[in-house]
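What follows is the content of target01.txt, which has compact mmCIF, C-alpha atoms:
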```txt
# COMPACT_ATOMS: atom_id res chain seq x y z
CA MET N 3 125.39 131.31 84.12
CA LYS N 4 122.28 133.43 84.55
CA LEU N 5 120.50 133.03 87.86
CA GLU N 6 117.18 132.01 86.30
CA VAL N 7 118.84 129.30 84.19
CA LYS N 8 120.70 128.03 87.26
CA LEU N 9 117.44 127.86 89.21
CA GLN N 10 115.71 125.86 86.50
CA LEU N 11 118.64 123.44 86.25
CA LEU N 12 118.76 122.89 90.02
CA ARG N 13 115.01 122.37 90.20
CA PHE N 14 115.20 119.80 87.40
CA CYS N 15 118.00 117.94 89.21
CA LEU N 16 116.02 117.98 92.46
CA PHE N 17 112.91 116.62 90.76
CA THR N 18 114.93 113.87 89.05
CA PHE N 19 116.81 112.70 92.14
CA ASN N 20 113.70 112.99 94.27
CA SER N 21 111.85 110.71 91.85
CA VAL N 22 114.65 108.11 92.02
CA PHE N 23 114.63 108.52 95.80
CA LEU N 24 110.91 107.74 95.89
CA VAL N 25 111.29 104.65 93.69
CA LEU N 26 114.12 103.28 95.85
CA GLY N 27 112.23 104.07 99.05
CA LEU N 28 109.10 102.29 97.87
CA SER N 29 111.27 99.32 96.86
CA VAL N 30 112.73 99.22 100.37
CA GLY N 31 109.22 99.38 101.82
CA GLY N 32 108.22 96.54 99.49
CA CYS N 33 111.07 94.44 100.91
CA GLY N 34 109.66 95.09 104.38
CA VAL N 35 106.21 93.90 103.28
CA TRP N 36 107.80 90.81 101.71
CA ILE N 37 109.70 89.93 104.88
CA LEU N 38 106.70 90.45 107.14
CA PHE N 39 103.74 89.18 105.13
CA ASP N 40 104.73 87.02 102.16
CA GLY N 41 103.62 83.51 103.09
CA ARG N 42 105.66 81.95 100.27
CA SER N 43 108.98 83.20 101.65
CA LEU N 44 111.17 81.43 104.20
CA LEU N 45 111.88 84.77 105.85
CA THR N 46 108.23 85.05 106.83
CA ILE N 47 108.32 81.90 108.95
CA LEU N 48 111.69 82.52 110.56
CA GLN N 49 111.17 82.75 114.31
CA SER N 50 113.63 85.64 114.62
CA GLU N 51 113.03 88.92 116.39
CA ASP N 52 115.83 90.49 114.36
CA MET N 53 114.09 89.61 111.08
CA ARG N 54 110.82 91.10 112.26
CA THR N 55 112.64 94.22 113.45
CA MET N 56 114.40 94.54 110.11
CA GLY N 57 111.15 94.05 108.18
CA ALA N 58 109.37 96.68 110.29
CA GLY N 59 112.34 99.02 109.85
CA LEU N 60 112.27 98.64 106.06
CA LEU N 61 108.53 99.25 106.01
CA PHE N 62 108.93 102.38 108.15
CA ILE N 63 111.72 103.67 105.88
CA GLY N 64 109.48 103.21 102.84
CA GLY N 65 106.69 105.26 104.45
CA ALA N 66 109.12 107.97 105.60
CA VAL N 67 110.65 108.22 102.11
CA LEU N 68 107.17 108.74 100.65
CA LEU N 69 106.50 111.60 103.08
CA VAL N 70 109.90 113.24 102.55
CA GLY N 71 109.59 112.89 98.78
CA VAL N 72 106.28 114.80 98.79
CA VAL N 73 107.91 117.57 100.86
CA GLY N 74 110.76 117.67 98.32
CA PHE N 75 108.41 118.16 95.38
CA LEU N 76 106.63 120.99 97.22
CA ALA N 77 109.92 122.60 98.28
CA ALA N 78 111.19 122.72 94.69
CA GLY N 79 108.57 125.39 94.02
CA GLY N 80 110.73 127.96 95.82
CA ASN N 81 109.59 127.93 99.45
CA ARG N 82 112.84 128.36 101.40
CA PHE N 83 111.32 127.15 104.67
CA LEU N 84 110.24 123.89 103.00
CA LEU N 85 113.72 123.55 101.52
CA LEU N 86 115.25 123.75 105.01
CA THR N 87 112.66 121.28 106.32
CA TYR N 88 113.45 118.94 103.43
CA VAL N 89 117.20 119.03 104.19
CA GLY N 90 116.54 118.32 107.87
CA LEU N 91 114.32 115.34 107.09
CA LEU N 92 116.89 113.92 104.66
CA VAL N 93 119.65 114.16 107.26
CA VAL N 94 117.52 112.39 109.87
CA LEU N 95 116.35 109.75 107.40
CA VAL N 96 119.95 108.77 106.59
CA LEU N 97 120.04 106.96 109.95
CA GLY N 98 117.25 104.55 108.94
CA PRO N 99 118.98 102.69 106.06
CA LEU N 100 122.25 102.67 107.99
CA PHE N 101 120.56 101.07 111.00
CA VAL N 102 118.83 98.35 108.98
CA THR N 103 121.98 97.64 106.95
CA LEU N 104 124.17 97.32 110.03
CA LEU N 105 121.53 95.15 111.74
CA LEU N 106 121.47 92.81 108.75
CA ILE N 107 125.27 92.58 108.48
CA ILE N 108 125.86 92.07 112.19
CA ASN N 109 123.16 89.42 112.58
CA ARG N 110 123.80 87.56 109.32
CA GLU N 111 125.24 84.45 110.98
CA LYS N 112 122.39 84.42 113.48
CA VAL N 113 119.88 84.59 110.63
CA GLU N 114 121.65 81.69 108.89
CA ARG N 115 121.42 79.53 112.01
CA THR N 116 117.75 80.40 112.42
CA LEU N 117 117.16 79.51 108.76
CA ASP N 118 118.82 76.11 109.26
CA ARG N 119 116.68 75.35 112.29
CA THR N 120 113.54 76.40 110.44
CA VAL N 121 114.28 74.15 107.45
CA ASP N 122 115.09 71.20 109.75
CA ASP N 123 111.78 71.73 111.56
CA ILE N 124 109.90 71.80 108.25
CA ILE N 125 111.55 68.51 107.25
CA VAL N 126 110.52 66.84 110.51
CA ARG N 127 106.88 67.96 110.22
CA TYR N 128 106.58 67.64 106.42
CA GLY N 129 103.48 65.75 105.30
CA GLY N 130 101.61 66.35 108.55
CA ARG N 131 98.13 67.73 108.78
CA GLY N 132 97.52 71.46 108.74
CA LEU N 133 100.92 72.41 107.25
CA PRO N 134 100.30 72.63 103.48
CA ARG N 135 101.93 76.08 103.24
CA LEU N 136 105.21 74.89 104.75
CA ASP N 137 105.14 71.70 102.67
CA GLY N 138 104.67 73.73 99.50
CA LEU N 139 107.49 76.04 100.51
CA MET N 140 109.88 73.10 100.97
CA ASP N 141 108.77 71.58 97.67
CA ASN N 142 109.49 74.85 95.86
CA ILE N 143 112.98 75.01 97.37
CA GLN N 144 113.80 71.43 96.31
CA LYS N 145 112.29 71.75 92.82
CA GLN N 146 113.92 75.07 91.96
CA GLY N 147 117.24 74.17 93.56
CA ARG N 148 117.24 70.58 92.23
CA CYS N 149 118.21 69.41 95.70
CA CYS N 150 116.86 67.22 98.48
CA GLY N 151 116.88 67.92 102.23
CA ARG N 152 119.06 70.54 103.82
CA MET N 153 122.37 68.67 103.88
CA GLY N 154 121.20 65.72 101.75
CA PRO N 155 118.42 63.10 101.29
CA SER N 156 119.35 61.43 104.59
CA ASP N 157 117.84 64.43 106.41
CA TRP N 158 114.41 63.01 105.55
CA LEU N 159 115.01 60.05 107.86
CA LYS N 160 114.16 62.49 110.65
CA ASN N 161 110.65 62.98 109.22
CA SER N 162 107.89 61.56 111.42
CA TYR N 163 106.12 59.78 108.54
CA ILE N 164 109.31 58.15 107.21
CA GLN N 165 110.26 57.06 110.72
CA SER N 166 106.90 55.28 110.93
CA LEU N 167 107.97 53.17 107.92
CA ASN N 168 111.05 51.92 109.80
CA LEU N 169 113.35 52.54 106.83
CA THR N 170 117.11 52.36 107.21
CA ASN N 171 117.86 54.34 104.05
CA PRO N 172 116.08 57.27 102.38
CA ARG N 173 114.12 55.30 99.80
CA VAL N 174 110.94 57.31 100.44
CA LEU N 175 111.30 61.01 99.80
CA PRO N 176 109.06 63.94 98.87
CA CYS N 177 108.22 63.89 95.19
CA SER N 178 109.97 67.24 94.86
CA CYS N 179 113.27 65.39 95.47
CA PHE N 180 112.90 63.53 92.16
CA SER N 181 113.60 64.71 88.64
CA SER N 182 110.53 62.84 87.33
CA PRO N 183 108.17 62.29 90.25
CA SER N 184 105.13 60.06 90.27
CA LEU N 185 101.97 61.47 88.76
CA ASP N 186 99.97 60.17 91.72
CA SER N 187 98.54 63.42 93.12
CA SER N 188 97.06 61.76 96.20
CA SER N 189 100.44 61.70 98.02
CA VAL N 190 103.37 64.08 98.42
CA TRP N 191 105.72 61.06 98.80
CA CYS N 192 107.54 59.08 96.17
CA SER N 193 109.96 56.15 96.42
CA ASP N 194 112.98 54.85 94.60
CA PRO N 195 112.08 51.78 92.47
CA PRO N 196 111.61 48.94 92.86
CA ASN N 197 108.36 49.34 94.78
CA ASN N 198 106.98 46.36 96.70
CA GLY N 199 103.50 47.84 96.81
CA THR N 200 103.70 49.15 100.38
CA LEU N 201 105.55 52.36 99.48
CA PRO N 202 104.33 55.47 97.64
CA GLY N 203 104.46 55.75 93.88
CA PRO N 204 107.85 55.58 92.19
CA GLY N 205 110.06 58.50 91.30
CA ASN N 206 112.95 58.64 88.89
CA VAL N 207 116.46 59.78 89.84
CA SER N 208 116.36 61.56 93.19
CA HIS N 209 118.62 64.55 93.81
CA ASP N 210 121.65 63.66 95.90
CA GLN N 211 122.70 67.21 96.72
CA GLY N 212 121.34 69.01 99.79
CA CYS N 213 119.75 72.46 99.59
CA ASN N 214 122.09 74.11 102.10
CA GLN N 215 124.19 75.91 99.47
CA GLN N 216 121.10 77.07 97.57
CA LEU N 217 119.66 78.46 100.81
CA ARG N 218 122.93 80.27 101.53
CA ASP N 219 123.02 81.73 98.02
CA TRP N 220 119.37 82.80 98.28
CA LEU N 221 119.98 84.50 101.63
CA GLU N 222 123.14 86.21 100.39
CA GLU N 223 121.40 87.46 97.24
CA ASN N 224 118.54 89.00 99.20
CA THR N 225 120.93 90.43 101.78
CA LEU N 226 123.00 92.12 99.08
CA THR N 227 119.82 93.47 97.47
CA ILE N 228 118.64 95.06 100.71
CA VAL N 229 122.11 96.39 101.58
CA GLY N 230 122.52 97.78 98.05
CA MET N 231 119.19 99.60 98.21
CA GLY N 232 120.11 100.97 101.64
CA PHE N 233 123.43 102.37 100.48
CA GLY N 234 121.77 103.65 97.30
CA LEU N 235 119.27 105.58 99.41
CA VAL N 236 122.06 107.09 101.52
CA LEU N 237 124.04 108.14 98.42
CA ILE N 238 121.01 109.75 96.77
CA GLN N 239 120.16 111.55 100.02
CA VAL N 240 123.66 113.07 100.14
CA VAL N 241 123.27 114.31 96.55
CA GLN N 242 119.80 115.68 97.36
CA VAL N 243 121.12 117.60 100.37
CA ILE N 244 123.84 119.22 98.21
CA ILE N 245 121.38 120.16 95.45
CA THR N 246 118.87 121.53 97.96
CA ILE N 247 121.51 123.72 99.64
CA TYR N 248 122.52 125.21 96.27
CA LEU N 249 118.85 125.71 95.40
CA TYR N 250 118.22 127.41 98.74
CA ARG N 251 121.12 129.82 98.11
CA ALA N 252 119.94 130.50 94.55
CA PHE N 253 116.43 131.37 95.72
CA GLY N 254 118.05 133.60 98.38
CA LYS N 255 120.02 135.46 95.71
CA LYS N 256 116.87 135.86 93.64
CA ALA N 257 115.01 137.33 96.61
CA ALA N 258 117.92 139.68 97.38
CA LEU N 259 118.04 140.90 93.77
CA LYS N 260 114.31 141.48 93.86
CA ARG N 261 114.63 143.57 97.03
CA THR N 262 117.56 145.52 95.55
CA ARG N 263 115.61 146.31 92.40
CA SER N 264 112.65 147.39 94.50
CA LEU N 265 114.82 149.75 96.56
CA THR N 266 116.55 151.08 93.42
CA GLY N 267 113.19 151.76 91.81
CA SER N 268 112.05 153.62 94.93
CA ASP N 269 115.23 155.76 94.92
CA HIS N 270 114.71 156.65 91.26
CA ALA N 271 111.13 157.63 92.00
CA HIS N 272 112.29 159.95 94.83
CA GLN N 273 114.96 161.46 92.58
CA ASP N 274 112.44 162.08 89.79
CA HIS N 275 110.06 163.69 92.27
CA ALA N 276 112.83 165.91 93.61
CA HIS N 277 113.83 166.88 90.04
CA GLN N 278 110.24 167.79 89.27
CA ASP N 279 110.04 169.96 92.44
CA HIS N 280 113.28 171.68 91.45
CA ALA N 281 111.90 172.31 87.96
CA HIS N 282 108.73 173.80 89.46
CA GLN N 283 110.85 176.05 91.68
CA ASP N 284 112.93 177.24 88.69
CA HIS N 285 109.77 177.93 86.74
CA ALA N 286 108.30 179.93 89.65
CA HIS N 287 111.55 181.88 89.99
CA GLN N 288 111.50 182.69 86.28
CA ASP N 289 107.87 183.91 86.57
CA HIS N 290 108.80 186.09 89.55
CA THR N 291 111.74 187.55 87.61
CA HIS N 292 109.48 188.34 84.66
CA GLN N 293 107.04 190.05 87.01
CA ASP N 294 109.85 192.18 88.51
CA HIS N 295 111.05 193.23 85.04
CA ALA N 296 107.53 194.14 84.06
CA LEU N 297 107.08 196.27 87.22
CA GLU N 298 110.37 198.08 86.57
CA ASN N 299 109.31 198.82 83.01
CA ASP N 300 105.98 200.18 84.24
CA LEU N 301 107.69 202.46 86.78
CA THR N 302 110.19 203.71 84.17
CA GLY N 303 107.34 204.49 81.79
CA HIS N 304 105.52 206.50 84.46
CA VAL N 305 108.68 208.53 85.22
CA PHE N 306 109.15 209.45 81.55
CA ASP N 307 105.52 210.42 81.29
CA ASP N 308 105.76 212.70 84.33
CA ALA N 309 108.91 214.35 82.97
CA ARG N 310 107.20 215.15 79.68
CA THR N 311 104.25 216.67 81.50
CA LEU N 312 106.42 219.03 83.55
CA ALA N 313 108.31 220.11 80.47
```

Would you mind writing the file out in structure tokens?
Amino acid sequence: MKLEVKLQLLRFCLFTFNSVFLVLGLSVGGCGVWILFDGRSLLTILQSEDMRTMGAGLLFIGGAVLLVGVVGFLAAGGNRFLLLTYVGLLVVLVLGPLFVTLLLIINREKVERTLDRTVDDIIVRYGGRGLPRLDGLMDNIQKQGRCCGRMGPSDWLKNSYIQSLNLTNPRVLPCSCFSSPSLDSSSVWCSDPPNNGTLPGPGNVSHDQGCNQQLRDWLEENTLTIVGMGFGLVLIQVVQVIITIYLYRAFGKKAALKRTRSLTGSDHAHQDHAHQDHAHQDHAHQDHTHQDHALENDLTGHVFDDARTLA
């Protein structure tokens, strides 16, 4: 394969993988923003230092990938120093996804326990003043998961409002626990019929299953997504390092060939100059020879003339 064709192919591969690298990196950074700032996510309200550390780590990785990707695009132009810098940054950046992935895997059970405590706390304080965001979050979980409570509807007996009703069974539940809740928008509570007039509006067929399994599945799905993106980043970085090394060597060969051709051209120029000098010397020698022959002829002519005169 010709060197120029090889260079173009390697540059195309570097641009392609660098683009995928940027997309994955920005996705990882987006996960960090989601963990840290999305008010509609349970992960945002988890009182866990590990979760905040992981979110900050993902956000940092996304920013670092953006910077390294820009260096990669500039390095593909042929600057060998930038290529070496790019390889160094990729090698260092490999540690980021590995750290976050290991942190998530090691602390998974701890995150699950923190999630359980958070959901139980939301259930206890549900319907109170100043907590509409948490109430809406719990309603979304129960509506989408078609479930009620964490382990079951009986969890709602721990709620402060329901305890004030002195109920012995979970007849009053959030409307999100029912398949067909009451249309009364003035209250977040509904009750199993019959209603004696002292309880909230009726619902129809409450969910008997708790949301614990749905929460576990949701956490596992997001964990696998983050871990998959982390390993994907590491794999692409390995490929990028290999391509960049080959590209660095190819640009080195191109520079060496250019220097060789320059030196060869200089040698040819010296040889041509020497040949021209030699030709000038031969021409001067021929002129000198002609002059000597002419002088000899002149002398011979004078001798013959003198001999004729004496005779």

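In this model, the gap between CA of Ala66 (chain N) and CA of Gly31 (chain N) comes to 9.4 Å.
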
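In this comparison, which uses only C-alpha atoms, the residue of N:Gln146, N:Thr55, N:Ser29, N:Gln216 approaching Asp118 (chain N) most closely is N:Gln216.
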
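Between CA of Ser178 (chain N) and CA of Thr225 (chain N) the interatomic distance comes to 26.6 Å.
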
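Between CA of Ile107 (chain N) and CA of Met231 (chain N) the separation is 13.8 Å.
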
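For the residues N:Ile63, N:Val25, N:Pro155, N:Gly79, ranking by smallest atom-to-atom distance to Val96 (chain N) using only C-alpha atoms places N:Ile63 first.
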
Region 16-20 of chain N surroundings by all atoms listed in the file, 9 Å radius, close-in-sequence under 4 positions cut, as a VMD selection string: chain N and resid 11 to 12 24 to 25 71 to 72 74 to 75 78 238 to 239 241 to 242 245 to 246 249

Taking the block just given, write region 75-88 of chain N to a file that holds all heavy atoms, as an mmCIF file, in the first residue's frame.
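Resulting contents of selection-v6.cif:
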```
data_model
loop_
_atom_site.group_PDB
_atom_site.id
_atom_site.type_symbol
_atom_site.label_atom_id
_atom_site.label_comp_id
_atom_site.auth_asym_id
_atom_site.auth_seq_id
_atom_site.Cartn_x
_atom_site.Cartn_y
_atom_site.Cartn_z
ATOM 1 N N PHE N 75 -8.765 15.729 16.837
ATOM 2 C CA PHE N 75 -9.070 16.279 15.514
ATOM 3 C C PHE N 75 -7.913 17.149 15.007
ATOM 4 O O PHE N 75 -7.577 17.122 13.816
ATOM 5 C CB PHE N 75 -10.358 17.093 15.561
ATOM 6 C CG PHE N 75 -11.603 16.262 15.613
ATOM 7 C CD1 PHE N 75 -12.551 16.467 16.607
ATOM 8 C CD2 PHE N 75 -11.829 15.264 14.682
ATOM 9 C CE1 PHE N 75 -13.702 15.699 16.657
ATOM 10 C CE2 PHE N 75 -12.980 14.486 14.721
ATOM 11 C CZ PHE N 75 -13.916 14.701 15.719
ATOM 12 N N LEU N 76 -7.300 17.928 15.891
ATOM 13 C CA LEU N 76 -6.168 18.760 15.490
ATOM 14 C C LEU N 76 -4.947 17.904 15.168
ATOM 15 O O LEU N 76 -4.209 18.189 14.210
ATOM 16 C CB LEU N 76 -5.824 19.752 16.607
ATOM 17 C CG LEU N 76 -6.887 20.819 16.928
ATOM 18 C CD1 LEU N 76 -6.445 21.655 18.122
ATOM 19 C CD2 LEU N 76 -7.144 21.706 15.728
ATOM 20 N N ALA N 77 -4.736 16.838 15.941
ATOM 21 C CA ALA N 77 -3.564 15.979 15.733
ATOM 22 C C ALA N 77 -3.637 15.223 14.424
ATOM 23 O O ALA N 77 -2.595 14.897 13.827
ATOM 24 C CB ALA N 77 -3.426 14.994 16.897
ATOM 25 N N ALA N 78 -4.834 14.933 13.942
ATOM 26 C CA ALA N 78 -4.985 14.180 12.694
ATOM 27 C C ALA N 78 -4.458 14.947 11.491
ATOM 28 O O ALA N 78 -4.246 14.361 10.426
ATOM 29 C CB ALA N 78 -6.451 13.820 12.472
ATOM 30 N N GLY N 79 -4.226 16.249 11.666
ATOM 31 C CA GLY N 79 -3.675 17.042 10.571
ATOM 32 C C GLY N 79 -2.228 16.727 10.245
ATOM 33 O O GLY N 79 -1.742 17.101 9.172
ATOM 34 N N GLY N 80 -1.516 16.049 11.156
ATOM 35 C CA GLY N 80 -0.145 15.646 10.866
ATOM 36 C C GLY N 80 0.896 16.150 11.840
ATOM 37 O O GLY N 80 2.086 15.896 11.653
ATOM 38 N N ASN N 81 0.469 16.852 12.895
ATOM 39 C CA ASN N 81 1.410 17.338 13.908
ATOM 40 C C ASN N 81 1.783 16.183 14.831
ATOM 41 O O ASN N 81 0.960 15.692 15.607
ATOM 42 C CB ASN N 81 0.767 18.484 14.707
ATOM 43 C CG ASN N 81 1.760 19.187 15.603
ATOM 44 O OD1 ASN N 81 2.531 18.557 16.316
ATOM 45 N ND2 ASN N 81 1.743 20.509 15.570
ATOM 46 N N ARG N 82 3.048 15.748 14.753
ATOM 47 C CA ARG N 82 3.457 14.558 15.516
ATOM 48 C C ARG N 82 3.495 14.831 17.019
ATOM 49 O O ARG N 82 3.257 13.939 17.828
ATOM 50 C CB ARG N 82 4.825 14.082 15.028
ATOM 51 C CG ARG N 82 4.838 13.688 13.547
ATOM 52 C CD ARG N 82 6.183 13.139 13.140
ATOM 53 N NE ARG N 82 6.355 11.786 13.626
ATOM 54 C CZ ARG N 82 7.542 11.195 13.777
ATOM 55 N NH1 ARG N 82 8.656 11.888 13.509
ATOM 56 N NH2 ARG N 82 7.620 9.968 14.208
ATOM 57 N N PHE N 83 3.772 16.058 17.415
ATOM 58 C CA PHE N 83 3.757 16.388 18.839
ATOM 59 C C PHE N 83 2.334 16.273 19.395
ATOM 60 O O PHE N 83 2.122 15.732 20.490
ATOM 61 C CB PHE N 83 4.292 17.808 19.051
ATOM 62 C CG PHE N 83 4.159 18.294 20.473
ATOM 63 C CD1 PHE N 83 5.018 17.827 21.465
ATOM 64 C CD2 PHE N 83 3.161 19.196 20.829
ATOM 65 C CE1 PHE N 83 4.887 18.260 22.782
ATOM 66 C CE2 PHE N 83 3.028 19.632 22.135
ATOM 67 C CZ PHE N 83 3.895 19.161 23.117
ATOM 68 N N LEU N 84 1.348 16.768 18.634
ATOM 69 C CA LEU N 84 -0.042 16.649 19.074
ATOM 70 C C LEU N 84 -0.484 15.191 19.106
ATOM 71 O O LEU N 84 -1.292 14.800 19.964
ATOM 72 C CB LEU N 84 -0.957 17.460 18.156
ATOM 73 C CG LEU N 84 -0.955 18.978 18.342
ATOM 74 C CD1 LEU N 84 -1.897 19.641 17.354
ATOM 75 C CD2 LEU N 84 -1.342 19.345 19.767
ATOM 76 N N LEU N 85 0.034 14.382 18.187
ATOM 77 C CA LEU N 85 -0.305 12.957 18.197
ATOM 78 C C LEU N 85 0.189 12.291 19.484
ATOM 79 O O LEU N 85 -0.519 11.496 20.103
ATOM 80 C CB LEU N 85 0.296 12.256 16.980
ATOM 81 C CG LEU N 85 -0.394 12.530 15.632
ATOM 82 C CD1 LEU N 85 0.410 11.925 14.490
ATOM 83 C CD2 LEU N 85 -1.817 11.967 15.637
ATOM 84 N N LEU N 86 1.423 12.619 19.887
ATOM 85 C CA LEU N 86 1.954 12.069 21.141
ATOM 86 C C LEU N 86 1.152 12.571 22.344
ATOM 87 O O LEU N 86 0.858 11.812 23.280
ATOM 88 C CB LEU N 86 3.421 12.443 21.294
ATOM 89 C CG LEU N 86 4.425 11.725 20.371
ATOM 90 C CD1 LEU N 86 5.832 12.244 20.619
ATOM 91 C CD2 LEU N 86 4.372 10.214 20.595
ATOM 92 N N THR N 87 0.795 13.856 22.320
ATOM 93 C CA THR N 87 -0.029 14.413 23.403
ATOM 94 C C THR N 87 -1.379 13.715 23.470
ATOM 95 O O THR N 87 -1.877 13.390 24.560
ATOM 96 C CB THR N 87 -0.228 15.920 23.191
ATOM 97 O OG1 THR N 87 1.053 16.562 23.092
ATOM 98 C CG2 THR N 87 -1.016 16.526 24.334
ATOM 99 N N TYR N 88 -1.958 13.469 22.309
ATOM 100 C CA TYR N 88 -3.258 12.802 22.225
ATOM 101 C C TYR N 88 -3.191 11.397 22.821
ATOM 102 O O TYR N 88 -4.071 10.995 23.600
ATOM 103 C CB TYR N 88 -3.669 12.748 20.761
ATOM 104 C CG TYR N 88 -5.011 12.123 20.482
ATOM 105 C CD1 TYR N 88 -6.168 12.621 21.058
ATOM 106 C CD2 TYR N 88 -5.124 11.053 19.612
ATOM 107 C CE1 TYR N 88 -7.398 12.053 20.786
ATOM 108 C CE2 TYR N 88 -6.346 10.478 19.326
ATOM 109 C CZ TYR N 88 -7.485 10.989 19.912
ATOM 110 O OH TYR N 88 -8.692 10.422 19.644
#
```
